[in-house]
Every structure is written in C-alpha cells, then in structure tokens.
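File shown here: data_11.txt, holding compact mmCIF, C-alpha atoms and all ligand atoms.
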```txt
# COMPACT_ATOMS: atom_id res chain seq x y z
CA VAL U 1 194.83 71.94 -58.79
CA ALA U 2 196.04 69.99 -61.82
CA ILE U 3 195.01 71.16 -65.30
CA ALA U 4 195.13 69.08 -68.47
CA HIS U 5 194.39 70.08 -72.05
CA ASP U 6 191.28 68.50 -73.59
CA ASP U 7 193.28 66.10 -75.74
CA ALA U 8 196.07 65.40 -73.25
CA PRO U 9 196.25 62.20 -71.22
CA SER U 10 197.63 63.92 -68.13
CA PRO U 11 197.97 67.36 -66.53
CA THR U 12 200.79 69.70 -67.54
CA LEU U 13 199.97 72.68 -65.34
CA ILE U 14 199.72 72.45 -61.55
CA LEU U 15 198.55 75.35 -59.44
CA ASP U 16 200.20 75.38 -56.01
CA ALA U 17 202.00 72.58 -54.23
CA GLY U 18 200.29 71.84 -50.93
CA THR U 19 199.91 68.29 -49.68
CA GLY U 20 197.25 67.68 -52.34
CA ILE U 21 199.94 67.64 -55.02
CA ARG U 22 200.81 64.10 -53.88
CA SER U 23 197.62 62.82 -55.50
CA VAL U 24 198.70 64.16 -58.91
CA THR U 25 201.23 61.32 -59.02
CA GLY U 26 198.27 58.92 -59.20
CA LEU U 27 196.86 60.80 -62.22
CA LEU U 28 200.11 60.25 -64.11
CA GLY U 29 200.25 56.49 -63.71
CA GLU U 30 203.89 55.49 -63.64
CA GLN U 31 204.97 58.56 -65.62
CA ALA U 32 207.20 61.35 -64.37
CA PHE U 33 205.68 64.82 -64.38
CA SER U 34 206.56 67.08 -67.26
CA GLY U 35 205.18 70.58 -67.01
CA THR U 36 204.80 73.72 -64.96
CA ILE U 37 204.03 74.27 -61.28
CA LEU U 38 202.71 77.75 -60.65
CA LEU U 39 202.58 79.02 -57.07
CA THR U 40 200.22 81.76 -55.89
CA HIS U 41 202.42 82.50 -52.87
CA LEU U 42 204.83 80.86 -50.44
CA HIS U 43 202.71 80.01 -47.40
CA TRP U 44 203.30 76.52 -45.97
CA ASP U 45 200.00 75.11 -47.20
CA HIS U 46 201.00 75.97 -50.78
CA VAL U 47 204.52 74.49 -50.86
CA GLN U 48 204.79 71.68 -48.34
CA GLY U 49 203.71 68.94 -50.75
CA LEU U 50 206.56 69.65 -53.16
CA PRO U 51 209.13 67.14 -51.83
CA PHE U 52 206.38 64.49 -51.54
CA PHE U 53 205.28 64.83 -55.18
CA HIS U 54 206.85 61.58 -56.39
CA ALA U 55 206.11 62.15 -60.09
CA GLY U 56 208.06 65.41 -59.81
CA ASP U 57 210.84 64.14 -57.56
CA HIS U 58 211.71 61.62 -60.23
CA ASP U 59 214.79 61.10 -62.42
CA ASP U 60 212.76 61.65 -65.61
CA ALA U 61 210.81 64.66 -64.38
CA ARG U 62 211.03 67.97 -66.23
CA VAL U 63 209.54 70.70 -64.09
CA ARG U 64 209.42 74.45 -64.29
CA LEU U 65 208.38 76.01 -61.01
CA LEU U 66 207.25 79.63 -61.00
CA LEU U 67 206.43 81.86 -58.07
CA PRO U 68 205.53 85.54 -57.74
CA GLU U 69 208.31 88.06 -58.17
CA GLN U 70 209.33 89.06 -54.66
CA GLU U 71 209.34 92.61 -53.38
CA ASP U 72 212.97 92.22 -52.25
CA GLY U 73 214.01 90.82 -55.65
CA ALA U 74 215.07 87.48 -54.13
CA GLU U 75 215.65 84.55 -56.49
CA ALA U 76 213.04 81.80 -56.66
CA THR U 77 215.23 79.02 -55.26
CA SER U 78 216.38 81.06 -52.30
CA VAL U 79 212.79 82.07 -51.47
CA LEU U 80 211.65 78.43 -51.59
CA ALA U 81 214.67 77.32 -49.59
CA ARG U 82 213.70 79.55 -46.70
CA SER U 83 211.15 76.90 -45.65
CA MET U 84 212.64 73.96 -47.55
CA SER U 85 216.14 73.59 -46.11
CA PRO U 86 217.76 72.47 -42.84
CA PRO U 87 216.89 72.85 -40.03
CA HIS U 88 213.24 73.10 -41.26
CA PHE U 89 213.55 70.26 -43.76
CA PRO U 90 216.30 67.75 -44.68
CA MET U 91 216.68 68.84 -48.29
CA GLU U 92 216.68 71.91 -50.50
CA PRO U 93 214.76 72.62 -53.73
CA ASP U 94 217.75 71.95 -55.99
CA GLN U 95 218.03 68.43 -54.53
CA LEU U 96 214.76 67.36 -56.13
CA ARG U 97 215.45 64.65 -58.70
CA GLY U 98 214.93 65.23 -62.41
CA THR U 99 215.36 68.48 -64.29
CA TRP U 100 213.95 71.40 -62.35
CA GLY U 101 213.99 75.09 -63.19
CA PHE U 102 212.95 77.76 -60.70
CA ALA U 103 212.00 81.30 -61.63
CA THR U 104 209.84 84.21 -60.59
CA ILE U 105 206.90 85.49 -62.58
CA ALA U 106 205.68 89.07 -62.98
CA PRO U 107 202.08 90.24 -63.16
CA GLY U 108 200.75 90.13 -66.73
CA GLU U 109 200.08 87.58 -69.43
CA HIS U 110 202.24 84.49 -69.89
CA GLU U 111 202.26 81.40 -72.10
CA LEU U 112 202.70 78.39 -69.81
CA ALA U 113 202.33 74.71 -70.69
CA GLY U 114 200.26 75.64 -73.73
CA PHE U 115 197.88 77.84 -71.74
CA THR U 116 197.57 81.60 -71.62
CA VAL U 117 197.87 82.63 -67.99
CA LEU U 118 197.02 86.07 -66.68
CA ALA U 119 198.72 86.82 -63.35
CA ARG U 120 197.55 89.62 -61.08
CA GLU U 121 198.53 90.56 -57.55
CA ILE U 122 195.58 90.20 -55.19
CA PRO U 123 195.12 91.10 -51.51
CA HIS U 124 196.02 88.33 -49.03
CA LYS U 125 198.26 88.54 -45.98
CA GLY U 126 201.96 88.05 -45.36
CA GLY U 127 203.80 87.97 -48.66
CA ARG U 128 203.02 88.85 -52.25
CA THR U 129 200.13 86.76 -53.60
CA PHE U 130 198.95 86.28 -57.17
CA GLY U 131 195.66 85.11 -58.57
CA TYR U 132 195.66 83.42 -61.98
CA ARG U 133 193.33 83.17 -64.94
CA VAL U 134 194.14 80.16 -67.14
CA SER U 135 192.79 79.94 -70.66
CA ASP U 136 193.16 77.46 -73.52
CA GLY U 137 191.40 79.81 -75.93
CA ARG U 138 188.03 78.10 -75.41
CA SER U 139 187.55 77.95 -71.66
CA THR U 140 188.89 79.81 -68.67
CA PHE U 141 189.63 78.80 -65.09
CA THR U 142 190.28 81.40 -62.41
CA TYR U 143 192.30 80.50 -59.34
CA MET U 144 192.26 82.60 -56.17
CA PRO U 145 192.56 80.17 -53.26
CA ASP U 146 193.93 82.79 -50.88
CA HIS U 147 192.38 86.21 -51.19
CA CYS U 148 190.78 88.56 -48.74
CA PRO U 149 188.38 91.34 -49.63
CA THR U 150 189.56 94.87 -49.26
CA SER U 151 187.96 96.90 -46.47
CA LEU U 152 186.54 94.15 -44.26
CA GLY U 153 183.17 95.03 -42.83
CA THR U 154 182.12 97.11 -45.85
CA GLY U 155 180.68 96.18 -49.24
CA PRO U 156 177.67 93.96 -49.89
CA ASP U 157 176.35 92.60 -46.57
CA GLY U 158 179.58 93.61 -44.81
CA TYR U 159 181.78 90.93 -46.37
CA GLY U 160 184.13 93.41 -48.01
CA GLU U 161 184.69 95.25 -51.28
CA TYR U 162 185.64 93.64 -54.58
CA HIS U 163 189.23 94.24 -55.60
CA PRO U 164 189.66 95.31 -59.26
CA ALA U 165 192.22 92.54 -59.90
CA ALA U 166 189.85 89.90 -58.51
CA LEU U 167 187.08 91.17 -60.77
CA GLU U 168 189.39 91.17 -63.80
CA LEU U 169 190.58 87.61 -63.15
CA GLY U 170 187.05 86.36 -62.58
CA ALA U 171 185.28 88.22 -65.40
CA GLU U 172 182.93 85.83 -67.22
CA THR U 173 185.17 82.92 -66.35
CA ASP U 174 183.91 79.36 -66.71
CA ALA U 175 184.98 78.47 -63.19
CA LEU U 176 186.22 80.60 -60.32
CA LEU U 177 187.96 78.72 -57.52
CA HIS U 178 187.96 81.04 -54.55
CA ASP U 179 189.01 81.26 -50.93
CA SER U 180 186.11 80.18 -48.70
CA GLN U 181 187.99 79.60 -45.46
CA LEU U 182 185.42 81.52 -43.42
CA LEU U 183 181.66 81.06 -43.31
CA THR U 184 180.15 83.86 -41.27
CA LEU U 185 180.61 87.52 -40.50
CA ALA U 186 181.59 86.51 -36.95
CA GLU U 187 184.39 84.29 -38.31
CA LEU U 188 185.43 87.05 -40.65
CA ALA U 189 185.68 89.48 -37.75
CA ALA U 190 187.70 87.02 -35.66
CA GLU U 191 189.94 85.53 -38.35
CA GLY U 192 189.85 87.92 -41.30
CA ARG U 193 193.25 89.18 -40.16
CA PHE U 194 194.77 85.99 -41.66
CA GLY U 195 193.85 87.26 -45.11
CA HIS U 196 191.01 84.93 -46.03
CA ALA U 197 187.48 85.44 -47.33
CA ALA U 198 184.01 84.24 -46.40
CA ALA U 199 181.93 81.94 -48.60
CA ASP U 200 179.26 84.60 -49.19
CA TYR U 201 181.91 86.97 -50.47
CA ALA U 202 183.25 84.34 -52.88
CA VAL U 203 179.79 83.65 -54.29
CA GLU U 204 178.91 87.32 -54.61
CA LEU U 205 182.25 88.06 -56.28
CA GLY U 206 181.46 85.30 -58.77
CA ARG U 207 178.01 86.73 -59.48
CA HIS U 208 179.40 90.23 -59.76
CA ALA U 209 182.13 89.11 -62.18
CA LYS U 210 179.59 87.02 -64.14
CA ALA U 211 181.47 83.77 -63.54
CA ARG U 212 179.58 80.63 -64.60
CA ARG U 213 180.62 78.59 -61.58
CA VAL U 214 182.16 79.31 -58.19
CA LEU U 215 184.17 76.59 -56.49
CA LEU U 216 184.39 77.22 -52.78
CA ALA U 217 187.80 76.03 -51.62
CA HIS U 218 190.54 76.44 -49.02
CA HIS U 219 188.13 75.24 -46.34
CA ARG U 220 189.17 75.89 -42.76
CA PRO U 221 191.09 72.78 -41.62
CA ASP U 222 188.55 71.91 -38.91
CA ARG U 223 185.60 72.05 -41.33
CA ALA U 224 184.34 68.45 -41.47
CA ASP U 225 182.16 66.86 -44.16
CA ASP U 226 178.89 67.80 -42.41
CA ALA U 227 179.85 71.46 -42.47
CA LEU U 228 180.71 71.27 -46.17
CA ASP U 229 177.41 69.49 -46.91
CA ALA U 230 175.61 72.30 -45.10
CA LEU U 231 177.56 74.80 -47.19
CA LYS U 232 176.42 73.05 -50.35
CA GLN U 233 172.79 73.24 -49.18
CA ARG U 234 173.12 76.88 -48.30
CA PHE U 235 174.01 77.85 -51.87
CA ALA U 236 171.91 75.21 -53.66
CA ASP U 237 169.40 77.76 -54.92
CA THR U 238 171.79 80.57 -55.75
CA SER U 239 170.69 82.23 -58.95
CA GLY U 240 173.00 83.33 -61.73
CA VAL U 241 175.94 81.14 -60.80
CA GLU U 242 176.51 77.47 -60.02
CA VAL U 243 178.14 76.99 -56.61
CA ILE U 244 180.32 73.92 -56.06
CA VAL U 245 181.90 73.00 -52.75
CA ALA U 246 185.31 71.82 -53.92
CA ALA U 247 186.94 68.75 -52.40
CA GLN U 248 189.95 66.61 -53.21
CA ASP U 249 189.37 64.66 -56.46
CA THR U 250 186.73 67.08 -57.75
CA VAL U 251 186.95 66.91 -61.55
CA LEU U 252 185.70 69.71 -63.73
CA GLN U 253 185.34 69.46 -67.50
CA LEU U 254 185.45 72.90 -69.09
ZN ZN P 1 198.09 82.03 -47.78
ZN ZN P 2 196.49 79.02 -48.20
```
Represent the structure from my file as structure tokens, please.
Amino acid sequence: VAIAHDDAPSPTLILDAGTGIRSVTGLLGEQAFSGTILLTHLHWDHVQGLPFFHAGDHDDARVRLLLPEQEDGAEATSVLARSMSPPHFPMEPDQLRGTWGFATIAPGEHELAGFTVLAREIPHKGGRTFGYRVSDGRSTFTYMPDHCPTSLGTGPDGYGEYHPAALELGAETDALLHDSQLLTLAELAAEGRFGHAAADYAVELGRHAKARRVLLAHHRPDRADDALDALKQRFADTSGVEVIVAAQDTVLQL
C-alpha cells in the first residue's frame, strides 16, 4: 500500500514490500523513491518485492526501511538478510542501490514521512507482527493485512474475539484494511492455524470499532475474480460500514 499526502505528487510512505511494491515504480514516473517503507512483519509475501522495486533500487533513491523490533533483539538488516541473501537470493539488503537505512521500530507513536503512525503488536502467526494506524491529522488509515482473531471459534458467530490492539488501531478510522484471507467458518477451522482471519470477522471488527470503511485484503492466492465479486455482493448491504473488496490499483481518497 502506497500513501501520499493530499498535496504531494507521489507516495512517501509504503506499507509492506510484497510483489505489489513493483507497481509503485509506475506511480513515481521516472523518479527514484524517497520515503519510508514500513513492514508489518517478515513473511515472504511482505518482503519479496523489495529487490524488484526499481524506484527504490535506484542510484538516487533515499529509503528508510523499518520493521518490528524483534524478540531476540536482532538488527533490521540481519533479519531481512535471513531471506534476502545467498543461497536464497543473489543479493543482500545493503546491496540495494541508492541510500538505504534499515532500523527496527517499537510499538507506540512515531512521526514517519510526515504522518503520525501508531504501531501496535497484533496476533498473527510465526514472528512478531504489527498493525499500523496512519494519520495526517485529518484522516486515518488502519493497516492490518495479517491478523488473526484471538480464541478462534468464539466471539460473534464463532469467528473469534476482538483483540484490544486491533480495536484501538481501527477505532473510528476512515479506512480499515484488514486480513480477509478466509471466507467461511470451515476455512477458518482448516486454515486458521496460519494466523489469518475470515471476511466476516474483518467486517464485524470494522463495525465494532466504528470504522467508516473496511477494505477486505490479503485474499487467498487461489481466490479468482468471480470469488471476489461474490464477496463484494455478500457485503453490499452491510449497514454501518462501507465494505470494499481491495484489489491491486484500488485508489482511496481520504
Ligand atoms: Zn504473515
Ligand atoms: Zn501476509
């Protein structure tokens, strides 16, 4: 997800670096990227686009990459290099062209790329994961692409309980982008162990937190367009919150 200020010609804050980050190069024209990349966690689907982000891997790029403080206290570059180094990959993070800085970030409030960002640890699976609430003082955007409810099988309709950090990040936000990898209770039972949430949970969390919009995202890789169209229909009449099925190139004006 790439975020730009209202008056800025291009994004300065990028949330996560999966393969979708390649398309941010197109948003920048011929310009190198100058700004912050903020990672929620280190799973493959959130970092693998990094070396293919041409506007970042550029002689004129100025990039600050931040990732959650690790439980073992490891430095940011060494954590990234665990998946981005030989024999897994031909190069290491510090071989990216341009000026790059790597650091860890703690839970709490931070000023990043002219935005106020609240970071909170949220339940996922396999490594520390943060959710973020980004504000420019007028609008807020909440980002929780990977988040599973606590106590699967409990809570409203059996989709799980709301975690206090998820509620705090999503409180009265203008847009809540949330994990929607799973669609049914049966999928949740079979695949919930991977740390993802069901669409109904995401929508109900949004309603509960009084979010204005919920963007369902992080679709299961085999979910084709028809399935996403059906998802859109399913929540078309949801009251109290607008439900958007997010896709690549979705643009939101807040
Ligand atoms: Zn993940
Ligand atoms: Zn993920």
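Across U:Ser85, U:Gln248, U:Thr104, U:Thr25, the tightest approach to Asp72 in chain U is made by U:Thr104 when counting all atoms listed in the file.
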(request) Go ahead and compute the interatomic distance for CA of Ala246 in chain U and CA of Glu172 in chain U, in Å to one decimal. (result)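 So the answer is 19.5 Å.
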Would you tabulate, counting all atoms listed in the file, all residues of chain U that have an atom at most 9 Å from an atom of ligand ZN 1 (chain P), showing the closest pair of atoms and their distance in Å to one decimal, sorted by chain then ascending number, as a Markdown table?
```
| residue | atom | partner | partner_atom | distance |
| --- | --- | --- | --- | --- |
| U:Thr40 | CA | P:ZN1 | ZN | 8.4 |
| U:His41 | CA | P:ZN1 | ZN | 6.7 |
| U:Leu42 | CA | P:ZN1 | ZN | 7.3 |
| U:His43 | CA | P:ZN1 | ZN | 5.1 |
| U:Trp44 | CA | P:ZN1 | ZN | 7.8 |
| U:Asp45 | CA | P:ZN1 | ZN | 7.2 |
| U:His46 | CA | P:ZN1 | ZN | 7.4 |
| U:His124 | CA | P:ZN1 | ZN | 6.7 |
| U:Lys125 | CA | P:ZN1 | ZN | 6.8 |
| U:Gly126 | CA | P:ZN1 | ZN | 7.6 |
| U:Gly127 | CA | P:ZN1 | ZN | 8.3 |
| U:Thr129 | CA | P:ZN1 | ZN | 7.8 |
| U:Pro145 | CA | P:ZN1 | ZN | 8.0 |
| U:Asp146 | CA | P:ZN1 | ZN | 5.2 |
| U:His147 | CA | P:ZN1 | ZN | 7.9 |
| U:Phe194 | CA | P:ZN1 | ZN | 8.0 |
| U:Gly195 | CA | P:ZN1 | ZN | 7.2 |
| U:His196 | CA | P:ZN1 | ZN | 7.8 |
```
Excluding range 59-68 of chain U and any residue of its chain fewer than 6 positions from it, enumerate the residues within 7 Å of it, using all atoms listed in the file, and give them as an mmCIF file with C-alpha atoms, keeping the file's coordinate frame.
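Dumped everything to selection17.cif:
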```
data_model
loop_
_atom_site.group_PDB
_atom_site.id
_atom_site.type_symbol
_atom_site.label_atom_id
_atom_site.label_comp_id
_atom_site.auth_asym_id
_atom_site.auth_seq_id
_atom_site.Cartn_x
_atom_site.Cartn_y
_atom_site.Cartn_z
ATOM 1 C CA ALA U 32 207.200 61.350 -64.370
ATOM 2 C CA PHE U 33 205.680 64.820 -64.380
ATOM 3 C CA SER U 34 206.560 67.080 -67.260
ATOM 4 C CA GLY U 35 205.180 70.580 -67.010
ATOM 5 C CA THR U 36 204.800 73.720 -64.960
ATOM 6 C CA ILE U 37 204.030 74.270 -61.280
ATOM 7 C CA LEU U 38 202.710 77.750 -60.650
ATOM 8 C CA LEU U 39 202.580 79.020 -57.070
ATOM 9 C CA THR U 40 200.220 81.760 -55.890
ATOM 10 C CA HIS U 41 202.420 82.500 -52.870
ATOM 11 C CA ALA U 76 213.040 81.800 -56.660
ATOM 12 C CA ARG U 97 215.450 64.650 -58.700
ATOM 13 C CA GLY U 98 214.930 65.230 -62.410
ATOM 14 C CA THR U 99 215.360 68.480 -64.290
ATOM 15 C CA TRP U 100 213.950 71.400 -62.350
ATOM 16 C CA GLY U 101 213.990 75.090 -63.190
ATOM 17 C CA PHE U 102 212.950 77.760 -60.700
ATOM 18 C CA ALA U 103 212.000 81.300 -61.630
ATOM 19 C CA THR U 104 209.840 84.210 -60.590
ATOM 20 C CA ILE U 105 206.900 85.490 -62.580
ATOM 21 C CA ALA U 106 205.680 89.070 -62.980
ATOM 22 C CA ARG U 128 203.020 88.850 -52.250
ATOM 23 C CA THR U 129 200.130 86.760 -53.600
ATOM 24 C CA PHE U 130 198.950 86.280 -57.170
#
```
(request) Choose the residue, out of U:Ala198, U:Met91, U:Val251, U:Leu27, that has the smallest atom-to-atom separation from Arg220 in chain U; count all atoms listed in the file. (result)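 Using all atoms listed in the file, the shortest distance to Arg220 in chain U belongs to U:Ala198.
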(request) Tell me, as a VMD selection string, which residues lie within 8 Å of Ile244 in chain U, counting only C-alpha atoms; anything in the same chain fewer than 6 positions away does not count. (result) chain U and resid 213 to 216 232
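Pairwise distance (CA of Ala202 in chain U, CA of Leu112 in chain U) equals 26.5 Å.
When only C-alpha atoms and all ligand atoms are used to measure the gap to ligand ZN 2 (chain P), the shortest distance among U:Leu169, U:Val117, U:Ala2, U:Ala217 belongs to U:Ala217.
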(request) Mind giving me the straight-line distance from CA of Arg120 in chain U to CA of Gly170 in chain U in Å, one decimal? (result)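 Computing the Euclidean distance for CA of Arg120 in chain U and CA of Gly170 in chain U yields 11.1 Å.
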(message) Which residue is closest to Gln95 in chain U? Choose from U:Glu30, U:Glu109, U:Asp57, U:Glu168 and count all atoms listed in the file.
(response) U:Asp57
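Distance check against Phe52 in chain U using all atoms listed in the file: of U:Ala74, U:Leu205, U:Val24, U:Val243, the minimum falls on U:Val24.
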(request) May I ask which of the residues U:Ala190, U:Val241, U:Ala175, U:Ala230 is the closest one to Glu204 in chain U, counting only C-alpha atoms? (result) U:Val241
